[in-house]
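J.: protein26.cif is reproduced below (mmCIF, C-alpha atoms and all ligand atoms).
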data_coords
#
loop_
_atom_site.label_atom_id
_atom_site.label_comp_id
_atom_site.auth_asym_id
_atom_site.auth_seq_id
_atom_site.Cartn_x
_atom_site.Cartn_y
_atom_site.Cartn_z
CA MET Z 1043 12.57 -49.56 -20.13
CA ASN Z 1044 15.69 -49.63 -22.29
CA LYS Z 1045 18.53 -51.12 -20.23
CA GLN Z 1046 22.14 -51.70 -21.14
CA ARG Z 1047 25.53 -52.15 -19.42
CA LEU Z 1048 27.20 -48.86 -18.47
CA ASP Z 1049 30.45 -49.44 -20.43
CA LYS Z 1050 28.51 -50.53 -23.53
CA THR Z 1051 26.21 -47.52 -23.21
CA ILE Z 1052 29.16 -45.12 -23.17
CA CYS Z 1053 31.01 -46.65 -26.09
CA SER Z 1054 27.82 -47.01 -28.15
CA GLN Z 1055 27.69 -43.21 -28.34
CA GLY Z 1056 30.66 -43.43 -30.68
CA MET Z 1057 33.25 -41.35 -28.84
CA LEU Z 1058 35.16 -43.98 -26.88
CA SER Z 1059 36.19 -47.59 -27.25
CA ARG Z 1060 34.92 -50.14 -24.74
CA LYS Z 1061 38.38 -50.23 -23.15
CA GLU Z 1062 38.47 -46.44 -22.76
CA ALA Z 1063 34.95 -46.44 -21.29
CA LYS Z 1064 35.96 -49.09 -18.74
CA GLU Z 1065 39.04 -47.08 -17.78
CA LEU Z 1066 36.98 -43.91 -17.19
CA ILE Z 1067 34.54 -45.88 -15.05
CA ARG Z 1068 37.41 -47.43 -13.06
CA ARG Z 1069 38.88 -43.97 -12.41
CA GLY Z 1070 35.55 -42.77 -10.98
CA GLN Z 1071 34.87 -40.25 -13.77
CA VAL Z 1072 31.45 -41.61 -14.64
CA THR Z 1073 28.29 -40.77 -12.73
CA VAL Z 1074 24.81 -42.22 -13.08
CA ASN Z 1075 22.11 -39.88 -11.77
CA GLY Z 1076 24.78 -37.83 -10.01
CA ARG Z 1077 26.48 -40.74 -8.17
CA VAL Z 1078 29.87 -42.15 -9.11
CA GLU Z 1079 29.45 -45.62 -10.63
CA LYS Z 1080 32.53 -47.85 -10.69
CA GLN Z 1081 30.90 -51.01 -11.99
CA ALA Z 1082 31.30 -51.32 -15.75
CA ASP Z 1083 28.45 -53.82 -15.89
CA ALA Z 1084 25.97 -51.66 -13.95
CA ALA Z 1085 22.62 -51.53 -15.78
CA VAL Z 1086 21.63 -48.15 -17.20
CA ASP Z 1087 18.13 -47.23 -18.31
CA TRP Z 1088 18.45 -45.03 -21.40
CA ASP Z 1089 14.97 -43.62 -20.98
CA GLN Z 1090 15.47 -42.43 -17.41
CA ASP Z 1091 19.07 -42.39 -16.19
CA ILE Z 1092 21.46 -39.51 -16.63
CA VAL Z 1093 24.99 -40.67 -17.39
CA ALA Z 1094 27.77 -38.08 -17.18
CA LEU Z 1095 31.43 -38.29 -18.19
CA SER Z 1096 33.66 -36.03 -16.09
CA GLY Z 1097 30.55 -34.02 -15.23
CA ALA Z 1098 29.26 -33.67 -18.82
CA PRO Z 1099 25.92 -35.44 -19.33
CA LEU Z 1100 25.65 -37.73 -22.35
CA SER Z 1101 22.56 -37.44 -24.45
CA LEU Z 1102 21.92 -41.12 -24.96
CA GLN Z 1103 20.71 -42.06 -28.38
CA GLN Z 1104 19.85 -45.53 -29.43
CA HIS Z 1105 20.56 -44.84 -33.09
CA VAL Z 1106 22.64 -42.44 -35.06
CA TYR Z 1107 21.56 -40.54 -38.21
CA LEU Z 1108 24.16 -38.65 -40.22
CA MET Z 1109 23.87 -36.46 -43.29
CA LEU Z 1110 26.79 -36.87 -45.71
CA ASN Z 1111 27.63 -34.81 -48.78
CA LYS Z 1112 28.98 -37.68 -50.86
CA PRO Z 1113 31.81 -36.79 -53.20
CA ALA Z 1114 32.36 -38.56 -56.52
CA GLY Z 1115 34.69 -41.57 -56.43
CA VAL Z 1116 33.39 -43.01 -53.15
CA VAL Z 1117 31.33 -46.21 -53.01
CA SER Z 1118 28.03 -46.55 -51.12
CA ALA Z 1119 29.12 -49.56 -49.09
CA THR Z 1120 30.11 -50.24 -45.51
CA GLU Z 1121 33.52 -51.70 -46.35
CA ASP Z 1122 35.64 -52.28 -49.39
CA ALA Z 1123 39.26 -53.40 -49.37
CA ALA Z 1124 40.18 -51.43 -52.48
CA GLN Z 1125 38.00 -48.30 -52.48
CA THR Z 1126 36.93 -45.55 -50.11
CA THR Z 1127 33.41 -46.09 -48.77
CA VAL Z 1128 30.89 -43.59 -47.45
CA VAL Z 1129 31.40 -45.08 -43.98
CA ASP Z 1130 35.16 -44.41 -44.22
CA LEU Z 1131 34.32 -40.68 -44.46
CA VAL Z 1132 32.67 -40.60 -41.01
CA PRO Z 1133 34.99 -39.01 -38.43
CA PRO Z 1134 35.89 -41.26 -35.45
CA GLN Z 1135 33.76 -39.32 -32.95
CA LEU Z 1136 30.61 -40.01 -35.02
CA ARG Z 1137 31.41 -43.65 -35.87
CA ARG Z 1138 29.20 -46.44 -34.63
CA LYS Z 1139 29.09 -50.16 -35.08
CA GLY Z 1140 26.61 -51.14 -37.76
CA LEU Z 1141 26.61 -47.81 -39.64
CA PHE Z 1142 25.45 -48.16 -43.25
CA PRO Z 1143 24.12 -45.92 -46.04
CA ALA Z 1144 20.31 -45.78 -46.15
CA GLY Z 1145 20.15 -45.98 -49.92
CA ARG Z 1146 22.97 -46.24 -52.41
CA LEU Z 1147 24.30 -43.70 -54.85
CA ASP Z 1148 26.53 -44.74 -57.74
CA LYS Z 1149 30.26 -44.19 -57.30
CA ASP Z 1150 30.20 -41.13 -59.58
CA THR Z 1151 26.97 -39.65 -58.11
CA THR Z 1152 27.36 -36.86 -55.55
CA GLY Z 1153 25.15 -35.39 -52.86
CA LEU Z 1154 22.90 -36.38 -49.99
CA VAL Z 1155 23.40 -39.75 -48.30
CA ILE Z 1156 22.01 -40.63 -44.87
CA LEU Z 1157 24.10 -42.98 -42.77
CA THR Z 1158 22.48 -44.79 -39.90
CA ASP Z 1159 22.53 -47.94 -37.76
CA ASP Z 1160 18.70 -48.06 -37.74
CA GLY Z 1161 17.46 -50.71 -40.16
CA GLU Z 1162 13.77 -49.91 -39.69
CA PHE Z 1163 14.34 -46.23 -40.49
CA ALA Z 1164 16.25 -47.18 -43.66
CA HIS Z 1165 13.43 -49.46 -44.75
CA ASN Z 1166 10.91 -46.68 -44.20
CA ILE Z 1167 12.69 -44.24 -46.46
CA LEU Z 1168 13.66 -46.77 -49.14
CA SER Z 1169 10.46 -48.71 -49.66
CA PRO Z 1170 8.54 -47.34 -52.67
CA LYS Z 1171 5.36 -48.04 -50.71
CA LYS Z 1172 6.32 -45.38 -48.16
CA HIS Z 1173 6.35 -42.67 -50.87
CA VAL Z 1174 9.46 -40.89 -49.59
CA GLN Z 1175 10.69 -38.86 -52.54
CA LYS Z 1176 14.29 -38.43 -53.62
CA GLU Z 1177 15.27 -35.47 -55.74
CA TYR Z 1178 18.24 -35.26 -58.13
CA LEU Z 1179 19.89 -32.88 -60.57
CA ALA Z 1180 21.00 -34.69 -63.72
CA GLN Z 1181 23.24 -33.23 -66.40
CA VAL Z 1182 22.59 -35.04 -69.68
CA ASP Z 1183 24.36 -34.84 -73.02
CA GLY Z 1184 21.43 -33.60 -75.10
CA LYS Z 1185 17.95 -32.07 -75.06
CA ILE Z 1186 15.27 -33.11 -72.57
CA THR Z 1187 12.16 -33.14 -74.74
CA LEU Z 1188 8.48 -33.01 -73.82
CA GLU Z 1189 8.25 -36.66 -74.86
CA ILE Z 1190 10.84 -37.60 -72.21
CA ILE Z 1191 9.10 -35.50 -69.56
CA GLU Z 1192 5.77 -37.18 -70.36
CA ALA Z 1193 7.38 -40.63 -70.32
CA PHE Z 1194 8.92 -40.00 -66.89
CA ARG Z 1195 5.47 -38.96 -65.67
CA ALA Z 1196 3.85 -42.11 -67.02
CA GLY Z 1197 6.62 -44.57 -66.01
CA VAL Z 1198 9.55 -45.62 -68.20
CA ASN Z 1199 9.96 -49.16 -69.44
CA VAL Z 1200 13.66 -49.86 -68.86
CA ASN Z 1201 15.04 -52.46 -71.27
CA ASN Z 1202 11.87 -54.52 -70.89
CA GLU Z 1203 13.10 -55.36 -67.37
CA TYR Z 1204 10.81 -53.15 -65.32
CA THR Z 1205 8.59 -50.10 -65.59
CA THR Z 1206 9.41 -47.29 -63.22
CA LEU Z 1207 6.83 -45.66 -60.98
CA PRO Z 1208 5.65 -42.24 -62.16
CA SER Z 1209 8.34 -39.62 -61.60
CA ARG Z 1210 8.71 -35.91 -62.21
CA LEU Z 1211 11.18 -34.33 -64.61
CA THR Z 1212 11.65 -30.63 -65.35
CA VAL Z 1213 14.35 -28.79 -67.24
CA GLU Z 1214 16.42 -26.76 -64.83
CA GLN Z 1215 18.92 -25.28 -67.26
CA SER Z 1216 19.83 -25.61 -70.95
CA LEU Z 1217 23.54 -25.54 -71.71
CA PRO Z 1218 25.53 -26.05 -74.92
CA GLN Z 1219 26.69 -29.47 -73.67
CA GLY Z 1220 23.11 -30.54 -72.81
CA ASP Z 1221 20.23 -29.90 -70.42
CA ILE Z 1222 20.19 -30.21 -66.64
CA GLY Z 1223 17.04 -31.95 -65.44
CA ARG Z 1224 15.50 -32.04 -61.98
CA VAL Z 1225 14.17 -35.52 -61.30
CA VAL Z 1226 11.99 -36.66 -58.40
CA LEU Z 1227 11.66 -40.40 -57.77
CA ARG Z 1228 10.20 -42.44 -54.99
CA GLU Z 1229 12.09 -45.62 -55.70
CA GLY Z 1230 15.76 -46.41 -56.24
CA MET Z 1231 16.41 -49.16 -58.76
CA TYR Z 1232 19.98 -49.84 -59.81
CA HIS Z 1233 21.28 -46.94 -62.00
CA GLN Z 1234 17.65 -45.87 -62.32
CA ILE Z 1235 18.02 -42.30 -63.56
CA LYS Z 1236 20.88 -43.16 -65.89
CA ARG Z 1237 18.89 -46.05 -67.35
CA MET Z 1238 15.72 -43.96 -67.69
CA PHE Z 1239 17.54 -41.31 -69.73
CA ARG Z 1240 19.41 -44.03 -71.64
CA SER Z 1241 16.03 -45.33 -72.86
CA PHE Z 1242 15.77 -42.04 -74.78
CA GLY Z 1243 19.35 -42.07 -76.08
CA LEU Z 1244 20.69 -39.61 -73.49
CA THR Z 1245 23.70 -40.17 -71.23
CA VAL Z 1246 23.81 -38.74 -67.71
CA THR Z 1247 27.20 -37.07 -67.36
CA GLN Z 1248 26.74 -35.77 -63.79
CA LEU Z 1249 24.22 -36.71 -61.12
CA HIS Z 1250 23.66 -35.10 -57.72
CA ARG Z 1251 21.08 -35.94 -55.02
CA VAL Z 1252 19.56 -32.81 -53.54
CA SER Z 1253 16.99 -34.10 -51.06
CA ILE Z 1254 15.30 -37.08 -49.40
CA GLY Z 1255 11.73 -36.52 -48.21
CA ASN Z 1256 11.67 -32.86 -47.17
CA LEU Z 1257 15.30 -32.90 -46.04
CA LEU Z 1258 17.61 -30.84 -48.22
CA LEU Z 1259 21.34 -31.42 -48.31
CA ASP Z 1260 22.96 -28.82 -46.03
CA GLU Z 1261 24.82 -26.56 -48.46
CA ALA Z 1262 27.37 -25.78 -45.72
CA LEU Z 1263 28.68 -29.37 -45.88
CA LEU Z 1264 31.62 -29.64 -48.23
CA PRO Z 1265 31.93 -32.81 -50.33
CA GLY Z 1266 33.09 -35.57 -47.97
CA GLN Z 1267 31.79 -33.88 -44.82
CA CYS Z 1268 29.01 -35.21 -42.59
CA ARG Z 1269 27.12 -34.19 -39.46
CA PRO Z 1270 24.32 -35.60 -37.27
CA LEU Z 1271 20.72 -34.84 -38.26
CA THR Z 1272 18.75 -32.71 -35.81
CA PRO Z 1273 15.50 -34.27 -34.47
CA GLN Z 1274 13.53 -31.89 -36.73
CA GLU Z 1275 15.54 -32.96 -39.78
CA LEU Z 1276 14.98 -36.60 -38.90
CA GLU Z 1277 11.24 -35.97 -39.09
CA MET Z 1278 11.61 -34.12 -42.38
CA VAL Z 1279 13.27 -37.15 -43.99
CA GLN Z 1280 10.26 -39.29 -43.38
CA GLN Z 1281 7.65 -36.80 -44.52
CA ARG Z 1282 5.75 -38.20 -47.48
CA GLU Z 1283 4.37 -36.07 -50.18
CA GLU Z 1284 2.95 -36.50 -53.56
CA ILE Z 1285 5.84 -35.81 -55.86
CA SER Z 1286 6.77 -32.12 -55.66
CA PHE Z 1287 9.86 -29.97 -55.87
CA SER Z 1288 12.03 -28.02 -53.52
CA GLN Z 1289 12.92 -24.53 -54.67
CA GLY Z 1290 15.44 -24.72 -57.48
CA ALA Z 1291 17.20 -21.70 -56.08
CA ILE Z 1292 18.17 -23.61 -52.94
CA SER Z 1293 20.36 -25.93 -54.91
CA PRO Z 1294 21.65 -24.19 -58.00
CA CYS Z 1295 23.32 -26.56 -60.44
CA GLU Z 1296 26.60 -24.69 -60.57
CA ARG Z 1297 27.24 -25.52 -56.91
CA HIS Z 1298 27.41 -29.21 -57.73
CA PHE Z 1299 28.32 -29.55 -61.39
CA THR Z 1300 31.25 -28.53 -63.50
CA LEU Z 1301 29.33 -26.59 -66.13
N1 LIG U 1401 19.98 -43.05 -60.27
C1 LIG U 1401 21.17 -43.40 -60.83
O1 LIG U 1401 21.25 -43.74 -62.00
N2 LIG U 1401 22.26 -43.36 -60.03
C2 LIG U 1401 22.24 -42.97 -58.76
O2 LIG U 1401 23.28 -42.93 -58.10
C3 LIG U 1401 21.00 -42.61 -58.20
C4 LIG U 1401 19.88 -42.64 -58.98
#
Before we go any further, please render this structure as structure tokens.
Ligand code: URA
T.:
Amino acid sequence: MNKQRLDKTICSQGMLSRKEAKELIRRGQVTVNGRVEKQADAAVDWDQDIVALSGAPLSLQQHVYLMLNKPAGVVSATEDAAQTTVVDLVPPQLRRKGLFPAGRLDKDTTGLVILTDDGEFAHNILSPKKHVQKEYLAQVDGKITLEIIEAFRAGVNVNNEYTTLPSRLTVEQSLPQGDIGRVVLREGMYHQIKRMFRSFGLTVTQLHRVSIGNLLLDEALLPGQCRPLTPQELEMVQQREEISFSQGAISPCERHFTL
């Protein structure tokens, strides 16, 4: 049993304000299980009742999960008076109260961010104990050596502050300005990849997140665009694996980086 007021139920789906929902109800345009319901405070059971607006049934969802292709220059916060946030990029019809990024990317990092209002889900994909892997492409300003690859595998001591969990690093491409590495982590410490490379004297000049769990960023999403996850994709996010890689060909570097 998952009951809520009718007007709240309608506006929680993100398309209408509470006032607009009440107005539709008052005008008799809302049905519950096929019968017109004019009481805004009527109780609706999300698990059983069928609510329709002007004849179109709503698919009631308790939580929302959006995939965003984060552009550079946008902060991973819910609000910021001076800067554009990832939540600001969500179009009004997909907005919900309590939407936040499940995991932060630096302002200059691009790529996959999941926005949700489900705190438990966010915890499950962020906790290192849950082993959900996150995969990145990192352009650095020099050579990625075997020593660095081995150190990533063993765990990197960052400024004597912490030692990272074992991660995977491979060289994706070697360019005159430096190598592009593919990095798989299952934790997300502050500036982690930048600080790991910094420990070996390399600077990350561009960073792009390609995947979370088994969910790859939809290449059809332009930077700044977002869309809801399908139920299958939602499952893919939470799939745990021992660190492995998606196919490099799915996310070629030149799609994301200025080479
Ligand atoms: N590591 C970083 O250094 N920055 C990010 O945005 C993500 C991972």
J.: Distance limit 6 Å, reference ligand LIG 1401 (chain U), atoms considered: all atoms listed in the file. Which residues make the cut? Give them as an mmCIF file with C-alpha atoms, in the coordinates of the input.
T.:
data_model
loop_
_atom_site.group_PDB
_atom_site.id
_atom_site.type_symbol
_atom_site.label_atom_id
_atom_site.label_comp_id
_atom_site.auth_asym_id
_atom_site.auth_seq_id
_atom_site.Cartn_x
_atom_site.Cartn_y
_atom_site.Cartn_z
ATOM 1 C CA LEU Z 1147 24.300 -43.700 -54.850
ATOM 2 C CA ASP Z 1148 26.530 -44.740 -57.740
ATOM 3 C CA THR Z 1151 26.970 -39.650 -58.110
ATOM 4 C CA HIS Z 1233 21.280 -46.940 -62.000
ATOM 5 C CA GLN Z 1234 17.650 -45.870 -62.320
ATOM 6 C CA ILE Z 1235 18.020 -42.300 -63.560
ATOM 7 C CA LYS Z 1236 20.880 -43.160 -65.890
#
J.: Measuring atom to atom with only C-alpha atoms, identify which of Z:Arg1060, Z:Pro1099, Z:Ser1054, Z:Leu1227 is nearest to Z:Thr1073.
T.: Z:Pro1099
J.: Select, from Z:Gly1097, Z:Gly1153, Z:Gly1076, Z:Pro1134, the residue with the minimum atom-to-atom distance to Z:Gln1055, counting all atoms listed in the file.
T.: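 Among Z:Gly1097, Z:Gly1153, Z:Gly1076, Z:Pro1134, it is Z:Pro1134 that comes nearest to Z:Gln1055.
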J.: Could you tell me how far atom CA of Z:Phe1242 sits from atom CA of Z:Ser1216, in Å to one decimal place?
T.: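 Here the two named atoms are 17.4 Å from each other.
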J.: What is the atom CA of Z:Ile1191-atom CA of Z:Ser1253 distance in Å, reported with one decimal?
T.: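 Atom CA of Z:Ile1191 sits 20.2 Å away from atom CA of Z:Ser1253.
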J.: Save C-alpha atoms of stretch 1132-1233 of chain Z from the block above as a PDB file, in the first residue's frame.
T.:
ATOM      1  CA  VAL Z1132      16.680  19.391 -16.305  1.00  0.00           C
ATOM      2  CA  PRO Z1133      13.722  20.490 -18.457  1.00  0.00           C
ATOM      3  CA  PRO Z1134      10.581  21.519 -16.494  1.00  0.00           C
ATOM      4  CA  GLN Z1135       8.585  18.414 -17.467  1.00  0.00           C
ATOM      5  CA  LEU Z1136      11.224  16.154 -15.852  1.00  0.00           C
ATOM      6  CA  ARG Z1137      11.837  18.299 -12.756  1.00  0.00           C
ATOM      7  CA  ARG Z1138      11.007  16.983  -9.317  1.00  0.00           C
ATOM      8  CA  LYS Z1139      11.397  18.245  -5.813  1.00  0.00           C
ATOM      9  CA  GLY Z1140      14.501  16.815  -4.182  1.00  0.00           C
ATOM     10  CA  LEU Z1141      16.397  16.024  -7.409  1.00  0.00           C
ATOM     11  CA  PHE Z1142      20.157  15.770  -6.868  1.00  0.00           C
ATOM     12  CA  PRO Z1143      23.195  14.310  -8.663  1.00  0.00           C
ATOM     13  CA  ALA Z1144      24.053  10.778  -7.501  1.00  0.00           C
ATOM     14  CA  GLY Z1145      27.779  11.423  -7.455  1.00  0.00           C
ATOM     15  CA  ARG Z1146      29.666  14.579  -8.293  1.00  0.00           C
ATOM     16  CA  LEU Z1147      31.839  15.390 -11.258  1.00  0.00           C
ATOM     17  CA  ASP Z1148      34.216  18.354 -11.189  1.00  0.00           C
ATOM     18  CA  LYS Z1149      33.065  21.508 -12.945  1.00  0.00           C
ATOM     19  CA  ASP Z1150      35.364  20.837 -15.913  1.00  0.00           C
ATOM     20  CA  THR Z1151      34.576  17.084 -16.132  1.00  0.00           C
ATOM     21  CA  THR Z1152      32.049  15.997 -18.759  1.00  0.00           C
ATOM     22  CA  GLY Z1153      29.865  12.940 -19.246  1.00  0.00           C
ATOM     23  CA  LEU Z1154      27.476  10.665 -17.408  1.00  0.00           C
ATOM     24  CA  VAL Z1155      25.666  11.960 -14.325  1.00  0.00           C
ATOM     25  CA  ILE Z1156      22.563  10.331 -12.853  1.00  0.00           C
ATOM     26  CA  LEU Z1157      20.048  12.666 -11.249  1.00  0.00           C
ATOM     27  CA  THR Z1158      17.517  11.243  -8.847  1.00  0.00           C
ATOM     28  CA  ASP Z1159      15.361  11.963  -5.804  1.00  0.00           C
ATOM     29  CA  ASP Z1160      16.089   8.483  -4.390  1.00  0.00           C
ATOM     30  CA  GLY Z1161      18.660   8.706  -1.603  1.00  0.00           C
ATOM     31  CA  GLU Z1162      18.936   4.952  -1.078  1.00  0.00           C
ATOM     32  CA  PHE Z1163      19.676   4.364  -4.762  1.00  0.00           C
ATOM     33  CA  ALA Z1164      22.382   7.054  -4.680  1.00  0.00           C
ATOM     34  CA  HIS Z1165      23.966   5.451  -1.638  1.00  0.00           C
ATOM     35  CA  ASN Z1166      23.975   2.076  -3.366  1.00  0.00           C
ATOM     36  CA  ILE Z1167      25.884   3.303  -6.379  1.00  0.00           C
ATOM     37  CA  LEU Z1168      28.273   5.568  -4.472  1.00  0.00           C
ATOM     38  CA  SER Z1169      29.382   3.400  -1.584  1.00  0.00           C
ATOM     39  CA  PRO Z1170      32.735   1.734  -2.378  1.00  0.00           C
ATOM     40  CA  LYS Z1171      31.418  -1.325  -0.533  1.00  0.00           C
ATOM     41  CA  LYS Z1172      28.781  -1.838  -3.231  1.00  0.00           C
ATOM     42  CA  HIS Z1173      31.475  -2.225  -5.921  1.00  0.00           C
ATOM     43  CA  VAL Z1174      29.642  -0.220  -8.584  1.00  0.00           C
ATOM     44  CA  GLN Z1175      32.328   0.773 -11.057  1.00  0.00           C
ATOM     45  CA  LYS Z1176      32.688   4.146 -12.740  1.00  0.00           C
ATOM     46  CA  GLU Z1177      34.633   4.434 -15.967  1.00  0.00           C
ATOM     47  CA  TYR Z1178      36.393   7.545 -17.295  1.00  0.00           C
ATOM     48  CA  LEU Z1179      38.505   8.712 -20.207  1.00  0.00           C
ATOM     49  CA  ALA Z1180      41.342  10.954 -19.054  1.00  0.00           C
ATOM     50  CA  GLN Z1181      43.558  13.024 -21.323  1.00  0.00           C
ATOM     51  CA  VAL Z1182      46.870  13.673 -19.561  1.00  0.00           C
ATOM     52  CA  ASP Z1183      49.791  15.874 -20.528  1.00  0.00           C
ATOM     53  CA  GLY Z1184      52.432  13.143 -20.804  1.00  0.00           C
ATOM     54  CA  LYS Z1185      53.110   9.411 -21.054  1.00  0.00           C
ATOM     55  CA  ILE Z1186      51.170   6.830 -19.035  1.00  0.00           C
ATOM     56  CA  THR Z1187      53.908   4.392 -18.064  1.00  0.00           C
ATOM     57  CA  LEU Z1188      53.729   0.792 -16.887  1.00  0.00           C
ATOM     58  CA  GLU Z1189      54.736   2.022 -13.440  1.00  0.00           C
ATOM     59  CA  ILE Z1190      51.612   4.227 -13.296  1.00  0.00           C
ATOM     60  CA  ILE Z1191      49.388   1.401 -14.542  1.00  0.00           C
ATOM     61  CA  GLU Z1192      50.799  -0.927 -11.876  1.00  0.00           C
ATOM     62  CA  ALA Z1193      50.382   1.722  -9.176  1.00  0.00           C
ATOM     63  CA  PHE Z1194      46.729   2.269 -10.120  1.00  0.00           C
ATOM     64  CA  ARG Z1195      46.233  -1.495  -9.865  1.00  0.00           C
ATOM     65  CA  ALA Z1196      47.814  -1.643  -6.423  1.00  0.00           C
ATOM     66  CA  GLY Z1197      46.236   1.560  -5.008  1.00  0.00           C
ATOM     67  CA  VAL Z1198      47.790   5.026  -5.126  1.00  0.00           C
ATOM     68  CA  ASN Z1199      48.859   6.861  -2.004  1.00  0.00           C
ATOM     69  CA  VAL Z1200      47.551  10.388  -2.573  1.00  0.00           C
ATOM     70  CA  ASN Z1201      49.603  13.011  -0.721  1.00  0.00           C
ATOM     71  CA  ASN Z1202      49.814  10.730   2.306  1.00  0.00           C
ATOM     72  CA  GLU Z1203      46.107  11.481   2.858  1.00  0.00           C
ATOM     73  CA  TYR Z1204      44.584   8.222   1.664  1.00  0.00           C
ATOM     74  CA  THR Z1205      45.343   5.186  -0.462  1.00  0.00           C
ATOM     75  CA  THR Z1206      42.904   4.527  -3.259  1.00  0.00           C
ATOM     76  CA  LEU Z1207      41.245   1.163  -3.790  1.00  0.00           C
ATOM     77  CA  PRO Z1208      42.696  -0.872  -6.668  1.00  0.00           C
ATOM     78  CA  SER Z1209      41.659   0.597 -10.012  1.00  0.00           C
ATOM     79  CA  ARG Z1210      42.250  -0.213 -13.655  1.00  0.00           C
ATOM     80  CA  LEU Z1211      44.152   1.966 -16.100  1.00  0.00           C
ATOM     81  CA  THR Z1212      44.850   1.274 -19.767  1.00  0.00           C
ATOM     82  CA  VAL Z1213      46.202   3.486 -22.512  1.00  0.00           C
ATOM     83  CA  GLU Z1214      43.466   4.235 -25.000  1.00  0.00           C
ATOM     84  CA  GLN Z1215      45.386   6.492 -27.363  1.00  0.00           C
ATOM     85  CA  SER Z1216      48.824   8.148 -27.548  1.00  0.00           C
ATOM     86  CA  LEU Z1217      48.839  11.676 -28.917  1.00  0.00           C
ATOM     87  CA  PRO Z1218      51.587  14.294 -29.273  1.00  0.00           C
ATOM     88  CA  GLN Z1219      50.076  16.296 -26.395  1.00  0.00           C
ATOM     89  CA  GLY Z1220      49.916  13.208 -24.128  1.00  0.00           C
ATOM     90  CA  ASP Z1221      48.142   9.887 -23.626  1.00  0.00           C
ATOM     91  CA  ILE Z1222      44.449   9.232 -23.129  1.00  0.00           C
ATOM     92  CA  GLY Z1223      43.852   6.701 -20.369  1.00  0.00           C
ATOM     93  CA  ARG Z1224      40.766   4.659 -19.584  1.00  0.00           C
ATOM     94  CA  VAL Z1225      40.294   4.496 -15.825  1.00  0.00           C
ATOM     95  CA  VAL Z1226      37.864   2.334 -13.870  1.00  0.00           C
ATOM     96  CA  LEU Z1227      37.240   3.189 -10.214  1.00  0.00           C
ATOM     97  CA  ARG Z1228      34.767   2.017  -7.660  1.00  0.00           C
ATOM     98  CA  GLU Z1229      35.030   4.986  -5.348  1.00  0.00           C
ATOM     99  CA  GLY Z1230      34.827   8.731  -5.881  1.00  0.00           C
ATOM    100  CA  MET Z1231      37.120  10.751  -3.648  1.00  0.00           C
ATOM    101  CA  TYR Z1232      37.438  14.466  -4.279  1.00  0.00           C
ATOM    102  CA  HIS Z1233      39.388  15.091  -7.552  1.00  0.00           C
TER     103      HIS Z1233
END
